[in-house]
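What follows is the content of protein.cif (mmCIF, C-alpha atoms).
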```cif
data_target
#
loop_
_atom_site.label_atom_id
_atom_site.label_comp_id
_atom_site.auth_asym_id
_atom_site.auth_seq_id
_atom_site.Cartn_x
_atom_site.Cartn_y
_atom_site.Cartn_z
CA MET A 215 107.15 111.71 127.69
CA LYS A 216 108.10 111.02 124.08
CA LEU A 217 106.91 108.30 121.70
CA ILE A 218 109.27 107.35 118.84
CA TRP A 219 108.16 105.12 115.95
CA HIS A 220 110.78 102.80 114.45
CA GLY A 221 108.46 101.32 111.82
CA HIS A 222 106.00 98.42 111.77
CA SER A 223 104.83 98.00 115.39
CA CYS A 224 108.07 99.03 117.10
CA PHE A 225 108.12 102.12 119.31
CA SER A 226 110.26 103.58 122.05
CA LEU A 227 108.44 105.29 124.89
CA VAL A 228 110.78 107.60 126.79
CA THR A 229 109.47 108.68 130.19
CA ALA A 230 110.82 110.22 133.37
CA GLU A 231 110.24 106.81 134.98
CA GLY A 232 112.16 104.77 132.42
CA THR A 233 112.24 103.84 128.73
CA ALA A 234 110.40 100.93 127.13
CA VAL A 235 110.62 99.47 123.62
CA PHE A 236 107.53 97.78 122.18
CA ASP A 237 107.68 94.95 119.63
CA PRO A 238 111.18 95.25 118.08
CA TYR A 239 111.50 93.40 114.75
CA ALA A 240 114.31 91.07 113.67
CA PRO A 241 116.65 91.94 110.78
CA GLY A 242 115.04 91.13 107.45
CA SER A 243 111.63 90.43 108.98
CA VAL A 244 109.88 93.55 107.66
CA PRO A 245 110.47 94.53 104.02
CA GLY A 246 112.09 97.92 103.61
CA LEU A 247 112.86 98.49 107.29
CA ARG A 248 115.92 98.20 109.47
CA LEU A 249 115.78 98.45 113.23
CA PRO A 250 118.04 101.19 114.62
CA ARG A 251 120.24 100.56 117.64
CA LEU A 252 117.92 100.88 120.61
CA LYS A 253 118.48 101.22 124.35
CA ALA A 254 115.83 100.81 127.03
CA ASP A 255 115.06 99.76 130.57
CA ALA A 256 112.45 97.22 129.41
CA VAL A 257 111.33 95.43 126.24
CA LEU A 258 107.64 94.59 125.87
CA CYS A 259 106.71 92.05 123.16
CA SER A 260 103.12 91.26 122.26
CA HIS A 261 103.84 87.77 120.91
CA GLY A 262 106.64 85.53 119.68
CA HIS A 263 106.71 86.20 115.93
CA GLY A 264 110.04 87.52 114.65
CA ASP A 265 108.67 90.86 113.47
CA HIS A 266 107.52 91.62 117.05
CA SER A 267 109.88 89.83 119.44
CA TYR A 268 113.51 90.71 118.63
CA ALA A 269 114.33 91.57 122.25
CA GLU A 270 118.03 90.92 121.64
CA GLY A 271 118.03 93.92 119.34
CA VAL A 272 117.55 96.23 122.33
CA ALA A 273 120.41 97.00 124.75
CA LEU A 274 118.99 96.92 128.28
CA SER A 275 120.25 99.36 130.89
CA GLY A 276 119.94 96.95 133.81
CA LYS A 277 117.92 99.56 135.70
CA LYS A 278 114.47 98.77 137.07
CA PRO A 279 111.97 101.22 135.58
CA ALA A 280 109.50 102.97 137.87
CA PHE A 281 106.60 102.80 135.43
CA THR A 282 103.91 100.13 135.77
CA VAL A 283 102.80 97.71 133.05
CA GLN A 284 99.47 95.90 132.81
CA THR A 285 98.83 93.11 130.27
CA ILE A 286 95.51 92.18 128.70
CA PRO A 287 95.39 88.75 127.01
CA CYS A 288 93.77 88.58 123.58
CA PHE A 289 94.32 86.81 120.25
CA HIS A 290 96.21 87.26 116.99
CA ASP A 291 93.14 86.24 114.97
CA GLU A 292 89.36 85.89 115.09
CA ALA A 293 89.55 82.16 115.87
CA ASN A 294 90.62 82.49 119.51
CA GLY A 295 94.25 82.04 118.51
CA GLY A 296 93.58 78.98 116.36
CA LEU A 297 95.22 80.56 113.32
CA ARG A 298 98.10 82.67 114.67
CA GLY A 299 98.13 82.21 118.43
CA LYS A 300 97.82 84.57 121.36
CA ASN A 301 98.59 88.28 121.66
CA LEU A 302 99.24 90.56 124.63
CA ILE A 303 98.14 94.17 124.95
CA HIS A 304 100.52 96.21 127.11
CA VAL A 305 99.25 99.20 129.08
CA LEU A 306 102.04 101.34 130.52
CA GLU A 307 101.50 104.05 133.11
CA ALA A 308 104.07 106.78 133.74
CA GLU A 309 104.05 110.49 134.53
CA GLY A 310 100.33 110.24 135.22
CA LEU A 311 99.67 109.13 131.63
CA ARG A 312 98.27 105.81 130.41
CA ILE A 313 99.58 104.37 127.11
CA ALA A 314 98.48 101.16 125.34
CA HIS A 315 100.16 99.10 122.60
CA LEU A 316 97.73 96.60 121.04
CA GLY A 317 100.35 94.38 119.38
CA ASP A 318 99.07 92.17 116.57
CA LEU A 319 95.46 92.28 117.70
CA GLY A 320 93.32 90.19 115.38
CA HIS A 321 89.78 90.80 116.62
CA MET A 322 87.42 93.38 118.07
CA LEU A 323 87.84 93.71 121.82
CA SER A 324 85.11 92.60 124.19
CA GLN A 325 83.42 94.96 126.60
CA ALA A 326 85.46 93.42 129.41
CA GLN A 327 88.71 94.02 127.53
CA LEU A 328 87.70 97.59 126.74
CA ALA A 329 86.93 98.14 130.41
CA ALA A 330 90.37 96.76 131.33
CA LEU A 331 92.00 99.27 128.96
CA GLY A 332 90.22 102.09 130.74
CA ARG A 333 90.99 105.72 130.00
CA LEU A 334 93.93 106.08 127.63
CA ASP A 335 96.02 109.09 126.76
CA LEU A 336 97.44 107.29 123.71
CA VAL A 337 96.85 104.01 121.91
CA MET A 338 99.02 102.33 119.25
CA ILE A 339 96.70 100.28 117.03
CA PRO A 340 97.36 97.93 114.06
CA VAL A 341 95.38 98.90 110.97
CA GLY A 342 96.78 96.93 108.00
CA GLY A 343 94.64 93.81 108.06
CA TYR A 344 95.52 90.27 106.90
CA TYR A 345 97.66 89.50 109.97
CA THR A 346 95.77 91.91 112.26
CA ILE A 347 92.51 93.80 112.35
CA GLY A 348 91.96 95.81 109.19
CA ALA A 349 91.07 99.44 108.64
CA GLU A 350 87.32 99.11 109.21
CA THR A 351 87.62 97.18 112.47
CA ALA A 352 90.54 99.35 113.61
CA ALA A 353 88.50 102.51 113.08
CA ALA A 354 85.55 101.09 115.01
CA LEU A 355 87.85 99.94 117.80
CA ALA A 356 89.73 103.24 117.98
CA LYS A 357 86.42 105.05 118.40
CA ALA A 358 85.29 102.55 121.04
CA ILE A 359 88.54 102.99 122.98
CA GLY A 360 88.35 106.77 122.78
CA ALA A 361 92.00 107.48 123.55
CA ARG A 362 93.01 111.13 123.44
CA VAL A 363 95.64 110.29 120.78
CA THR A 364 95.54 107.35 118.36
CA VAL A 365 98.70 106.27 116.51
CA PRO A 366 98.25 103.72 113.68
CA MET A 367 100.88 101.02 113.10
CA HIS A 368 101.45 97.75 111.20
CA TYR A 369 100.56 99.01 107.73
CA ARG A 370 102.20 99.19 104.30
CA GLY A 371 103.92 102.33 103.07
CA ALA A 372 105.38 103.19 99.68
CA THR A 373 108.81 101.79 100.60
CA PHE A 374 108.14 99.42 103.51
CA GLY A 375 105.80 96.78 104.87
CA TYR A 376 104.22 93.57 103.67
CA ASP A 377 102.49 93.62 100.29
CA VAL A 378 99.44 91.81 101.67
CA ILE A 379 98.54 94.45 104.27
CA GLY A 380 96.75 97.74 103.70
CA THR A 381 97.89 101.34 103.75
CA VAL A 382 97.36 103.81 106.57
CA GLU A 383 95.07 105.88 104.36
CA GLU A 384 92.50 103.07 104.41
CA PHE A 385 92.29 103.70 108.16
CA THR A 386 92.58 107.48 108.26
CA GLN A 387 89.79 108.01 105.72
CA ARG A 388 87.46 106.43 108.29
CA MET A 389 88.66 108.75 111.08
CA GLU A 390 88.31 112.42 111.94
CA ASN A 391 90.90 114.92 113.15
CA VAL A 392 93.86 113.24 111.41
CA ARG A 393 97.34 114.77 111.29
CA PHE A 394 100.28 113.47 109.24
CA ALA A 395 103.44 114.36 111.15
CA ASP A 396 106.78 115.20 109.51
CA THR A 397 108.69 113.30 112.19
CA ASN A 398 108.67 109.90 113.87
CA THR A 399 108.44 111.43 117.35
CA LEU A 400 105.66 113.02 119.38
CA ASP A 401 105.37 114.53 122.84
CA VAL A 402 102.54 112.54 124.42
CA ALA A 403 101.39 115.18 126.90
CA GLU A 404 101.54 118.06 124.42
CA THR A 405 99.91 116.35 121.40
CA PRO A 406 96.37 117.61 120.73
CA PRO A 407 93.53 115.05 120.56
CA GLY A 408 93.14 113.08 117.34
CA VAL A 409 94.89 110.60 115.07
CA VAL A 410 98.62 111.15 114.47
CA VAL A 411 100.36 109.33 111.61
CA LEU A 412 104.07 109.37 112.35
CA ARG A 413 106.65 109.46 109.56
CA ILE A 414 109.04 106.54 109.20
CA MET A 415 112.67 107.66 109.46
CA ASN A 416 114.66 104.42 109.17
CA THR A 417 113.94 102.71 105.87
CA GLU A 418 116.67 100.64 104.23
CA ASN A 419 117.19 103.41 101.70
CA GLU A 420 118.01 106.02 104.34
CA ASP A 421 121.20 106.58 106.30
#
```

Let me see whether you can do it: turn the structure in this file into structure tokens.
Amino acid sequence: MKLIWHGHSCFSLVTAEGTAVFDPYAPGSVPGLRLPRLKADAVLCSHGHGDHSYAEGVALSGKKPAFTVQTIPCFHDEANGGLRGKNLIHVLEAEGLRIAHLGDLGHMLSQAQLAALGRLDLVMIPVGGYYTIGAETAAALAKAIGARVTVPMHYRGATFGYDVIGTVEEFTQRMENVRFADTNTLDVAETPPGVVVLRIMNTENED
């Protein structure tokens, strides 16, 4: 099983039971990023905002994947969706592994929501703040979830992302066992426990 980061909150998860793309972003919706041509068996979008719901940017195979997907309803803000609406967490199970994408989560999860997440091999968590939970809440939540591998997303880098959101370092300085990868891809089963910061490979300045 391989996880590939395409920037912002968009990932491909390639498994023996099918491929899924999480939260593809529309052209021009995320400064400094361009979505590569993606193919998958399923597209999973956390909510309807353009930087998370460009399903038409993914070519679907037409095959029915064998993996299972669970959704956990939550909110895009701390006002029960009153500011930015609802959000869906997706939990995908394949190859005996359990992977969660938190979307644009805007609040700390309840005990019931944490229980619904259950044991996770990997979690993709927003850390940038302003539109989502920020670094402090994200660190507390990551520790509460206790996934074997934590992958931060939805943050600002030197050449990409929204000016109003924070950097990944604001999150990683609150965490232990952090590794900055030199690629945008990881092998889920083979990755040692800890936080893995993937490297963006598809900025507008790169071929």

Would you please work out which residue, of A:Val257, A:Val402, A:Leu336, A:Ala329, is nearest to Thr229 in chain A when using only C-alpha atoms?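 Going through A:Val257, A:Val402, A:Leu336, A:Ala329 one by one, the smallest distance to Thr229 in chain A is for A:Val402.
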
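Atom pair CA of Pro406 in chain A / CA of Thr373 in chain A has a distance of 28.5 Å (rounded to one decimal).
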
Got a sec to resolve the PyMOL selection byres ((chain A and resi 389) around 9) on this structure and send the residues as a list in words?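 Evaluating the PyMOL selection byres ((chain A and resi 389) around 9) on these coordinates yields Ala353, Ala356, Lys357, Phe385, Thr386, Gln387, Arg388, Glu390, Asn391, Val392, Gly408 and Val409 of chain A.
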
Can you spell out as JSON, numbers by chain the set of residues that the PyMOL selection byres ((chain A and resi 280) around 8) selects in the structure I just provided? {"A": [231, 232, 278, 279, 281, 282, 308]}

Identify all residues satisfying the PyMOL selection byres ((chain A and resi 358-366) around 7) in the given file; provide them as a compact mmCIF listing (two decimals) with C-alpha atoms, keeping the file's coordinate frame.
```
# COMPACT_ATOMS: atom_id res chain seq x y z
CA LEU A 328 87.70 97.59 126.74
CA ARG A 333 90.99 105.72 130.00
CA LEU A 334 93.93 106.08 127.63
CA ASP A 335 96.02 109.09 126.76
CA LEU A 336 97.44 107.29 123.71
CA VAL A 337 96.85 104.01 121.91
CA MET A 338 99.02 102.33 119.25
CA ILE A 339 96.70 100.28 117.03
CA PRO A 340 97.36 97.93 114.06
CA VAL A 341 95.38 98.90 110.97
CA ALA A 354 85.55 101.09 115.01
CA LEU A 355 87.85 99.94 117.80
CA ALA A 356 89.73 103.24 117.98
CA LYS A 357 86.42 105.05 118.40
CA MET A 367 100.88 101.02 113.10
CA PRO A 407 93.53 115.05 120.56
CA GLY A 408 93.14 113.08 117.34
CA VAL A 409 94.89 110.60 115.07
CA VAL A 410 98.62 111.15 114.47
CA VAL A 411 100.36 109.33 111.61
```

Find the residue from A:Leu311, A:Leu400, A:Leu306, A:Val244 that sits nearest to Phe374 in chain A; use only C-alpha atoms when measuring. A:Val244

Could you jot down the CA of Gln284 in chain A to CA of His304 in chain A separation for me, Å, one decimal place?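 If I compute the distance from CA of Gln284 in chain A to CA of His304 in chain A, I get 5.8 Å.
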
Excluding same-chain residues fewer than 6 positions from Leu227 in chain A, what lies within 8 Å of it counting all atoms listed in the file, as a list of chain:residue names?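 In the requested format, the answer is A:Met215, A:Lys216, A:Leu217, A:Ile218, A:Thr233, A:Ala234, A:Val235.
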
So which residues fall inside 12 Å of (107.1, 114.9, 113.1) if we count all atoms listed in the file? Mind giving them as number ranges by chain? A: 216-219, 393-401, 405, 410-415
